[in-house]
$ cat upload-v3.cif   # mmCIF, N, CA and C atoms
data_run
#
loop_
_atom_site.label_atom_id
_atom_site.label_comp_id
_atom_site.auth_asym_id
_atom_site.auth_seq_id
_atom_site.Cartn_x
_atom_site.Cartn_y
_atom_site.Cartn_z
N MET A 1 -28.77 -73.20 12.16
CA MET A 1 -28.00 -72.41 13.09
C MET A 1 -28.26 -72.95 14.50
N ASN A 2 -27.22 -73.27 15.21
CA ASN A 2 -27.33 -73.74 16.58
C ASN A 2 -26.88 -72.64 17.52
N PRO A 3 -27.71 -72.33 18.53
CA PRO A 3 -27.34 -71.26 19.45
C PRO A 3 -26.11 -71.61 20.26
N GLN A 4 -25.33 -70.61 20.59
CA GLN A 4 -24.15 -70.76 21.44
C GLN A 4 -24.57 -70.41 22.86
N GLY A 5 -25.48 -71.20 23.43
CA GLY A 5 -26.02 -70.92 24.75
C GLY A 5 -27.49 -70.60 24.65
N PRO A 6 -28.09 -70.06 25.71
CA PRO A 6 -29.53 -69.78 25.69
C PRO A 6 -29.91 -68.77 24.61
N ALA A 7 -31.03 -69.02 23.94
CA ALA A 7 -31.54 -68.09 22.93
C ALA A 7 -32.76 -67.36 23.47
N CYS A 8 -33.34 -67.88 24.53
CA CYS A 8 -34.56 -67.32 25.11
C CYS A 8 -34.22 -66.67 26.46
N HIS A 9 -34.97 -65.64 26.81
CA HIS A 9 -34.72 -64.97 28.08
C HIS A 9 -34.98 -65.89 29.28
N THR A 10 -35.65 -67.03 29.05
CA THR A 10 -35.92 -67.99 30.14
C THR A 10 -34.72 -68.88 30.41
N GLY A 11 -33.69 -68.84 29.52
CA GLY A 11 -32.53 -69.70 29.66
C GLY A 11 -32.60 -70.94 28.79
N GLU A 12 -33.74 -71.15 28.12
CA GLU A 12 -33.88 -72.29 27.21
C GLU A 12 -33.10 -72.01 25.93
N THR A 13 -32.83 -73.08 25.15
CA THR A 13 -32.09 -72.91 23.91
C THR A 13 -32.95 -72.32 22.80
N THR A 14 -34.25 -72.26 23.00
CA THR A 14 -35.17 -71.64 22.05
C THR A 14 -36.34 -71.06 22.84
N CYS A 15 -37.02 -70.08 22.26
CA CYS A 15 -38.22 -69.52 22.89
C CYS A 15 -39.42 -70.45 22.70
N PHE A 16 -39.28 -71.48 21.87
CA PHE A 16 -40.39 -72.34 21.52
C PHE A 16 -40.23 -73.72 22.16
N TYR A 17 -40.16 -73.76 23.49
CA TYR A 17 -39.92 -75.01 24.20
C TYR A 17 -41.16 -75.54 24.92
N ARG A 18 -42.19 -74.73 25.06
CA ARG A 18 -43.39 -75.16 25.78
C ARG A 18 -44.31 -75.95 24.86
N THR A 19 -45.25 -76.68 25.47
CA THR A 19 -46.22 -77.46 24.71
C THR A 19 -47.57 -76.78 24.79
N LEU A 20 -48.25 -76.69 23.65
CA LEU A 20 -49.58 -76.11 23.57
C LEU A 20 -50.57 -77.18 23.20
N ALA A 21 -51.80 -77.08 23.69
CA ALA A 21 -52.87 -77.98 23.25
C ALA A 21 -53.66 -77.25 22.18
N ALA A 22 -53.97 -77.95 21.09
CA ALA A 22 -54.73 -77.34 20.00
C ALA A 22 -55.73 -78.34 19.48
N ALA A 23 -56.90 -77.87 19.12
CA ALA A 23 -57.92 -78.75 18.57
C ALA A 23 -57.69 -78.91 17.08
N ASP A 24 -57.78 -80.15 16.58
CA ASP A 24 -57.67 -80.34 15.14
C ASP A 24 -59.02 -80.09 14.50
N GLN A 25 -59.14 -80.29 13.19
CA GLN A 25 -60.37 -79.95 12.47
C GLN A 25 -61.57 -80.75 12.96
N GLU A 26 -61.35 -81.92 13.53
CA GLU A 26 -62.46 -82.74 14.01
C GLU A 26 -62.76 -82.47 15.48
N GLY A 27 -62.10 -81.49 16.05
CA GLY A 27 -62.37 -81.13 17.43
C GLY A 27 -61.61 -81.97 18.44
N LEU A 28 -60.73 -82.85 17.99
CA LEU A 28 -59.94 -83.67 18.90
C LEU A 28 -58.76 -82.85 19.40
N GLU A 29 -58.35 -83.15 20.63
CA GLU A 29 -57.19 -82.44 21.18
C GLU A 29 -55.91 -83.07 20.64
N ALA A 30 -54.99 -82.23 20.23
CA ALA A 30 -53.68 -82.68 19.77
C ALA A 30 -52.63 -81.86 20.51
N THR A 31 -51.49 -82.44 20.73
CA THR A 31 -50.40 -81.72 21.37
C THR A 31 -49.43 -81.26 20.31
N ILE A 32 -49.10 -79.98 20.36
CA ILE A 32 -48.15 -79.40 19.41
C ILE A 32 -46.98 -78.85 20.21
N SER A 33 -45.82 -79.34 19.94
CA SER A 33 -44.63 -78.86 20.62
C SER A 33 -44.17 -77.58 19.95
N GLU A 34 -43.88 -76.55 20.76
CA GLU A 34 -43.36 -75.30 20.21
C GLU A 34 -41.97 -75.49 19.63
N ALA A 35 -41.31 -76.58 20.02
CA ALA A 35 -40.00 -76.87 19.45
C ALA A 35 -40.13 -77.53 18.08
N ASP A 36 -41.35 -77.76 17.66
CA ASP A 36 -41.61 -78.33 16.34
C ASP A 36 -40.86 -77.53 15.29
N SER A 37 -40.35 -78.22 14.31
CA SER A 37 -39.51 -77.56 13.30
C SER A 37 -40.23 -76.45 12.55
N ARG A 38 -41.57 -76.45 12.56
CA ARG A 38 -42.30 -75.36 11.90
C ARG A 38 -41.98 -74.02 12.53
N PHE A 39 -41.69 -74.01 13.81
CA PHE A 39 -41.47 -72.76 14.52
C PHE A 39 -39.99 -72.46 14.76
N THR A 40 -39.15 -73.45 14.57
CA THR A 40 -37.72 -73.27 14.77
C THR A 40 -37.19 -72.15 13.89
N VAL A 41 -37.68 -72.07 12.67
CA VAL A 41 -37.20 -71.04 11.74
C VAL A 41 -37.47 -69.63 12.28
N LEU A 42 -38.55 -69.44 13.01
CA LEU A 42 -38.81 -68.11 13.59
C LEU A 42 -37.76 -67.75 14.63
N ALA A 43 -37.42 -68.70 15.49
CA ALA A 43 -36.39 -68.44 16.50
C ALA A 43 -35.05 -68.19 15.83
N GLU A 44 -34.73 -68.98 14.78
CA GLU A 44 -33.47 -68.79 14.06
C GLU A 44 -33.44 -67.44 13.36
N LEU A 45 -34.56 -67.07 12.74
CA LEU A 45 -34.62 -65.78 12.05
C LEU A 45 -34.51 -64.63 13.04
N GLU A 46 -35.19 -64.74 14.18
CA GLU A 46 -35.08 -63.71 15.20
C GLU A 46 -33.64 -63.57 15.67
N SER A 47 -32.97 -64.68 15.85
CA SER A 47 -31.56 -64.68 16.28
C SER A 47 -30.66 -64.04 15.21
N LEU A 48 -30.88 -64.40 13.96
CA LEU A 48 -30.09 -63.82 12.87
C LEU A 48 -30.30 -62.31 12.77
N ILE A 49 -31.54 -61.87 12.90
CA ILE A 49 -31.84 -60.44 12.85
C ILE A 49 -31.16 -59.72 14.01
N ALA A 50 -31.17 -60.33 15.20
CA ALA A 50 -30.49 -59.74 16.36
C ALA A 50 -28.99 -59.63 16.11
N GLN A 51 -28.42 -60.66 15.49
CA GLN A 51 -27.00 -60.64 15.15
C GLN A 51 -26.71 -59.52 14.15
N ARG A 52 -27.57 -59.38 13.15
CA ARG A 52 -27.39 -58.32 12.15
C ARG A 52 -27.51 -56.94 12.81
N TYR A 53 -28.40 -56.83 13.77
CA TYR A 53 -28.60 -55.56 14.48
C TYR A 53 -27.30 -55.15 15.19
N ILE A 54 -26.64 -56.12 15.80
CA ILE A 54 -25.41 -55.83 16.54
C ILE A 54 -24.22 -55.64 15.60
N GLU A 55 -24.05 -56.57 14.67
CA GLU A 55 -22.84 -56.59 13.84
C GLU A 55 -22.90 -55.67 12.62
N ARG A 56 -24.09 -55.44 12.10
CA ARG A 56 -24.29 -54.60 10.91
C ARG A 56 -23.35 -54.95 9.75
N PRO A 57 -23.36 -56.22 9.29
CA PRO A 57 -22.46 -56.58 8.19
C PRO A 57 -22.79 -55.79 6.92
N GLU A 58 -21.76 -55.30 6.28
CA GLU A 58 -21.92 -54.51 5.06
C GLU A 58 -22.58 -55.34 3.97
N GLY A 59 -23.54 -54.75 3.28
CA GLY A 59 -24.20 -55.41 2.17
C GLY A 59 -25.42 -56.24 2.54
N ALA A 60 -25.66 -56.45 3.83
CA ALA A 60 -26.82 -57.23 4.25
C ALA A 60 -28.07 -56.35 4.22
N TYR A 61 -29.16 -56.88 3.68
CA TYR A 61 -30.41 -56.14 3.60
C TYR A 61 -30.90 -55.72 4.98
N THR A 62 -30.75 -56.61 5.96
CA THR A 62 -31.19 -56.29 7.32
C THR A 62 -30.39 -55.11 7.88
N THR A 63 -29.10 -55.08 7.59
CA THR A 63 -28.26 -53.94 7.99
C THR A 63 -28.80 -52.66 7.37
N TYR A 64 -29.12 -52.72 6.09
CA TYR A 64 -29.69 -51.57 5.37
C TYR A 64 -30.93 -51.05 6.10
N LEU A 65 -31.82 -51.96 6.47
CA LEU A 65 -33.05 -51.53 7.15
C LEU A 65 -32.74 -50.85 8.48
N PHE A 66 -31.86 -51.45 9.27
CA PHE A 66 -31.52 -50.85 10.56
C PHE A 66 -30.84 -49.49 10.39
N GLU A 67 -29.99 -49.37 9.39
CA GLU A 67 -29.30 -48.10 9.17
C GLU A 67 -30.25 -47.01 8.67
N LYS A 68 -31.27 -47.39 7.91
CA LYS A 68 -32.26 -46.41 7.43
C LYS A 68 -33.22 -46.00 8.54
N GLY A 69 -33.42 -46.87 9.53
CA GLY A 69 -34.20 -46.51 10.70
C GLY A 69 -35.65 -46.93 10.67
N ILE A 70 -36.34 -46.51 11.70
CA ILE A 70 -37.72 -46.94 11.95
C ILE A 70 -38.66 -46.57 10.82
N ASP A 71 -38.50 -45.41 10.20
CA ASP A 71 -39.41 -45.02 9.11
C ASP A 71 -39.33 -45.98 7.94
N LYS A 72 -38.11 -46.40 7.58
CA LYS A 72 -37.94 -47.35 6.47
C LYS A 72 -38.52 -48.72 6.85
N ILE A 73 -38.27 -49.14 8.07
CA ILE A 73 -38.81 -50.43 8.52
C ILE A 73 -40.33 -50.41 8.49
N LEU A 74 -40.92 -49.34 9.00
CA LEU A 74 -42.39 -49.22 9.00
C LEU A 74 -42.94 -49.17 7.58
N LYS A 75 -42.23 -48.50 6.69
CA LYS A 75 -42.66 -48.45 5.28
C LYS A 75 -42.69 -49.86 4.69
N LYS A 76 -41.68 -50.66 4.98
CA LYS A 76 -41.63 -52.03 4.47
C LYS A 76 -42.74 -52.89 5.09
N VAL A 77 -43.00 -52.71 6.37
CA VAL A 77 -44.11 -53.45 7.01
C VAL A 77 -45.42 -53.09 6.33
N GLY A 78 -45.63 -51.81 6.06
CA GLY A 78 -46.84 -51.36 5.38
C GLY A 78 -46.95 -51.92 3.96
N GLU A 79 -45.84 -51.89 3.22
CA GLU A 79 -45.85 -52.42 1.85
C GLU A 79 -46.17 -53.91 1.84
N GLU A 80 -45.52 -54.65 2.73
CA GLU A 80 -45.74 -56.10 2.75
C GLU A 80 -47.15 -56.45 3.23
N THR A 81 -47.70 -55.63 4.12
CA THR A 81 -49.08 -55.83 4.55
C THR A 81 -50.03 -55.63 3.37
N ALA A 82 -49.84 -54.54 2.63
CA ALA A 82 -50.70 -54.26 1.47
C ALA A 82 -50.56 -55.36 0.42
N GLU A 83 -49.34 -55.82 0.18
CA GLU A 83 -49.13 -56.87 -0.81
C GLU A 83 -49.77 -58.19 -0.37
N SER A 84 -49.77 -58.46 0.93
CA SER A 84 -50.44 -59.66 1.45
C SER A 84 -51.95 -59.56 1.26
N ILE A 85 -52.50 -58.39 1.50
CA ILE A 85 -53.93 -58.16 1.32
C ILE A 85 -54.32 -58.38 -0.14
N ILE A 86 -53.53 -57.83 -1.04
CA ILE A 86 -53.83 -57.96 -2.48
C ILE A 86 -53.75 -59.42 -2.91
N ALA A 87 -52.72 -60.14 -2.45
CA ALA A 87 -52.59 -61.56 -2.80
C ALA A 87 -53.78 -62.36 -2.28
N ALA A 88 -54.23 -62.06 -1.07
CA ALA A 88 -55.39 -62.76 -0.52
C ALA A 88 -56.64 -62.42 -1.31
N LYS A 89 -56.82 -61.15 -1.63
CA LYS A 89 -57.98 -60.71 -2.41
C LYS A 89 -57.99 -61.38 -3.79
N ASN A 90 -56.80 -61.56 -4.38
CA ASN A 90 -56.69 -62.20 -5.69
C ASN A 90 -56.76 -63.72 -5.61
N GLN A 91 -56.90 -64.24 -4.40
CA GLN A 91 -56.99 -65.69 -4.16
C GLN A 91 -55.78 -66.43 -4.72
N ASP A 92 -54.61 -65.82 -4.59
CA ASP A 92 -53.37 -66.41 -5.08
C ASP A 92 -52.54 -66.87 -3.88
N ASN A 93 -52.70 -68.14 -3.49
CA ASN A 93 -52.02 -68.64 -2.29
C ASN A 93 -50.51 -68.68 -2.43
N ASP A 94 -49.99 -68.91 -3.63
CA ASP A 94 -48.54 -68.88 -3.81
C ASP A 94 -48.00 -67.49 -3.51
N GLU A 95 -48.64 -66.48 -4.06
CA GLU A 95 -48.23 -65.10 -3.80
C GLU A 95 -48.46 -64.71 -2.35
N LEU A 96 -49.57 -65.17 -1.78
CA LEU A 96 -49.87 -64.88 -0.37
C LEU A 96 -48.80 -65.47 0.53
N ARG A 97 -48.40 -66.70 0.29
CA ARG A 97 -47.34 -67.34 1.07
C ARG A 97 -46.06 -66.51 1.00
N TYR A 98 -45.70 -66.06 -0.18
CA TYR A 98 -44.50 -65.26 -0.39
C TYR A 98 -44.59 -63.93 0.37
N GLU A 99 -45.71 -63.23 0.21
CA GLU A 99 -45.87 -61.90 0.82
C GLU A 99 -45.97 -61.98 2.34
N VAL A 100 -46.67 -62.98 2.86
CA VAL A 100 -46.77 -63.12 4.31
C VAL A 100 -45.39 -63.46 4.90
N SER A 101 -44.60 -64.25 4.18
CA SER A 101 -43.24 -64.52 4.63
C SER A 101 -42.43 -63.23 4.72
N ASP A 102 -42.55 -62.38 3.70
CA ASP A 102 -41.88 -61.07 3.74
C ASP A 102 -42.39 -60.23 4.91
N LEU A 103 -43.69 -60.26 5.12
CA LEU A 103 -44.29 -59.48 6.21
C LEU A 103 -43.75 -59.95 7.57
N ILE A 104 -43.71 -61.26 7.78
CA ILE A 104 -43.21 -61.79 9.05
C ILE A 104 -41.76 -61.37 9.26
N TYR A 105 -40.94 -61.48 8.23
CA TYR A 105 -39.54 -61.05 8.34
C TYR A 105 -39.46 -59.58 8.76
N HIS A 106 -40.21 -58.72 8.07
CA HIS A 106 -40.15 -57.28 8.37
C HIS A 106 -40.73 -56.98 9.76
N LEU A 107 -41.72 -57.74 10.20
CA LEU A 107 -42.23 -57.57 11.56
C LEU A 107 -41.16 -57.94 12.58
N LEU A 108 -40.41 -59.00 12.31
CA LEU A 108 -39.32 -59.38 13.22
C LEU A 108 -38.23 -58.31 13.26
N VAL A 109 -37.96 -57.68 12.12
CA VAL A 109 -37.00 -56.56 12.10
C VAL A 109 -37.55 -55.42 12.96
N LEU A 110 -38.84 -55.12 12.81
CA LEU A 110 -39.46 -54.07 13.60
C LEU A 110 -39.38 -54.38 15.10
N LEU A 111 -39.67 -55.62 15.46
CA LEU A 111 -39.59 -56.00 16.88
C LEU A 111 -38.18 -55.81 17.42
N ARG A 112 -37.17 -56.17 16.64
CA ARG A 112 -35.78 -55.99 17.08
C ARG A 112 -35.45 -54.50 17.20
N GLU A 113 -35.89 -53.72 16.24
CA GLU A 113 -35.65 -52.26 16.28
C GLU A 113 -36.25 -51.66 17.55
N ARG A 114 -37.40 -52.17 17.95
CA ARG A 114 -38.08 -51.65 19.14
C ARG A 114 -37.68 -52.40 20.41
N ASN A 115 -36.75 -53.38 20.28
CA ASN A 115 -36.28 -54.17 21.42
C ASN A 115 -37.43 -54.91 22.11
N LEU A 116 -38.32 -55.48 21.31
CA LEU A 116 -39.45 -56.25 21.82
C LEU A 116 -39.27 -57.69 21.35
N PRO A 117 -38.93 -58.60 22.27
CA PRO A 117 -38.67 -59.99 21.87
C PRO A 117 -39.92 -60.70 21.37
N LEU A 118 -39.72 -61.59 20.41
CA LEU A 118 -40.81 -62.41 19.90
C LEU A 118 -41.47 -63.19 21.03
N ASP A 119 -40.69 -63.57 22.03
CA ASP A 119 -41.25 -64.30 23.17
C ASP A 119 -42.34 -63.49 23.87
N ASP A 120 -42.19 -62.16 23.90
CA ASP A 120 -43.24 -61.32 24.50
C ASP A 120 -44.53 -61.41 23.69
N ILE A 121 -44.42 -61.51 22.38
CA ILE A 121 -45.60 -61.65 21.51
C ILE A 121 -46.25 -63.00 21.77
N MET A 122 -45.42 -64.04 21.87
CA MET A 122 -45.94 -65.38 22.14
C MET A 122 -46.65 -65.43 23.49
N THR A 123 -46.10 -64.76 24.48
CA THR A 123 -46.72 -64.71 25.80
C THR A 123 -48.07 -63.99 25.73
N GLU A 124 -48.12 -62.90 24.98
CA GLU A 124 -49.39 -62.17 24.81
C GLU A 124 -50.43 -63.04 24.11
N LEU A 125 -50.02 -63.76 23.07
CA LEU A 125 -50.96 -64.65 22.38
C LEU A 125 -51.45 -65.76 23.31
N GLU A 126 -50.54 -66.29 24.10
CA GLU A 126 -50.92 -67.32 25.07
C GLU A 126 -51.91 -66.75 26.09
N ARG A 127 -51.63 -65.55 26.58
CA ARG A 127 -52.53 -64.91 27.55
C ARG A 127 -53.92 -64.72 26.96
N ARG A 128 -53.98 -64.27 25.72
CA ARG A 128 -55.27 -64.07 25.07
C ARG A 128 -56.00 -65.39 24.84
N HIS A 129 -55.24 -66.43 24.54
CA HIS A 129 -55.84 -67.75 24.30
C HIS A 129 -56.44 -68.31 25.58
N GLU A 130 -55.84 -68.01 26.73
CA GLU A 130 -56.27 -68.58 28.00
C GLU A 130 -57.43 -67.84 28.64
N ARG A 131 -57.68 -66.59 28.26
CA ARG A 131 -58.76 -65.85 28.92
C ARG A 131 -60.12 -66.37 28.48
N PRO A 132 -61.13 -66.16 29.31
CA PRO A 132 -62.47 -66.68 28.99
C PRO A 132 -62.98 -66.11 27.67
N ARG A 133 -63.62 -66.98 26.91
CA ARG A 133 -64.17 -66.57 25.61
C ARG A 133 -65.64 -66.17 25.77
N ARG A 134 -66.06 -65.30 24.88
CA ARG A 134 -67.46 -64.84 24.92
C ARG A 134 -68.29 -65.49 23.83
N ASP A 135 -67.74 -66.49 23.13
CA ASP A 135 -68.49 -67.11 22.04
C ASP A 135 -69.28 -68.33 22.45
#
$ encode --input "upload-v3.cif" --output "structure tokens"
Amino acid sequence: MNPQGPACHTGETTCFYRTLAAADQEGLEATISEADSRFTVLAELESLIAQRYIERPEGAYTTYLFEKGIDKILKKVGEETAESIIAAKNQDNDELRYEVSDLIYHLLVLLRERNLPLDDIMTELERRHERPRRD
């Protein structure tokens, strides 16, 4: 999906345009672009969820969640959280990958319902990463 203009409140075509420095397993510094395709799907999914929120196409699961309201969305977030915990406890990475993907989707639906952009979450994570550590 290609945006028809800016997708981020900053005017960029994606919310994932900045560069972050991250240490690899050997402690070396590596540069990771937020535009990396690993994160593109989050911006695309956020955009699709926003579109579903506005258009409410009949038969779409996302439409169903928005029409049922915050209680249903929160119930799904809770269910997917519990299922992720169980998959991790069972040491089943295939199931964990599946359940965490469901959880992330439902969290993005929750953020849209509450009108809280994913970019605000990314900014908060960045702020926390930059503050002095006590370790």
$ atom_distance --input "upload-v3.cif" --atom1 "atom CA of Leu110 of chain A" --atom2 "atom CA of Ile70 of chain A"
7.5 Å
$ residues_around --input "upload-v3.cif" --residues "Glu79 of chain A" --least-positions-apart "5" --cutoff "10 Å" --atoms "only C-alpha atoms" --output "list in words"
Ile73, Leu74, Ser84, Ile85, Glu99, Asp102, Leu103 and His106 of chain A
$ resolve_selection --input "upload-v3.cif" --expression "the PyMOL selection byres ((chain A and resi 44-53) around 7)" --output "PyMOL selection string"
chain A and resi 1+39-43+54-57+62-63+66+108-109+112
$ atom_distance --input "upload-v3.cif" --atom1 "atom N of Val100 of chain A" --atom2 "atom N of Lys76 of chain A"
13.5 Å
$ atom_distance --input "upload-v3.cif" --atom1 "atom N of Leu116 of chain A" --atom2 "atom N of Glu83 of chain A"
23.8 Å
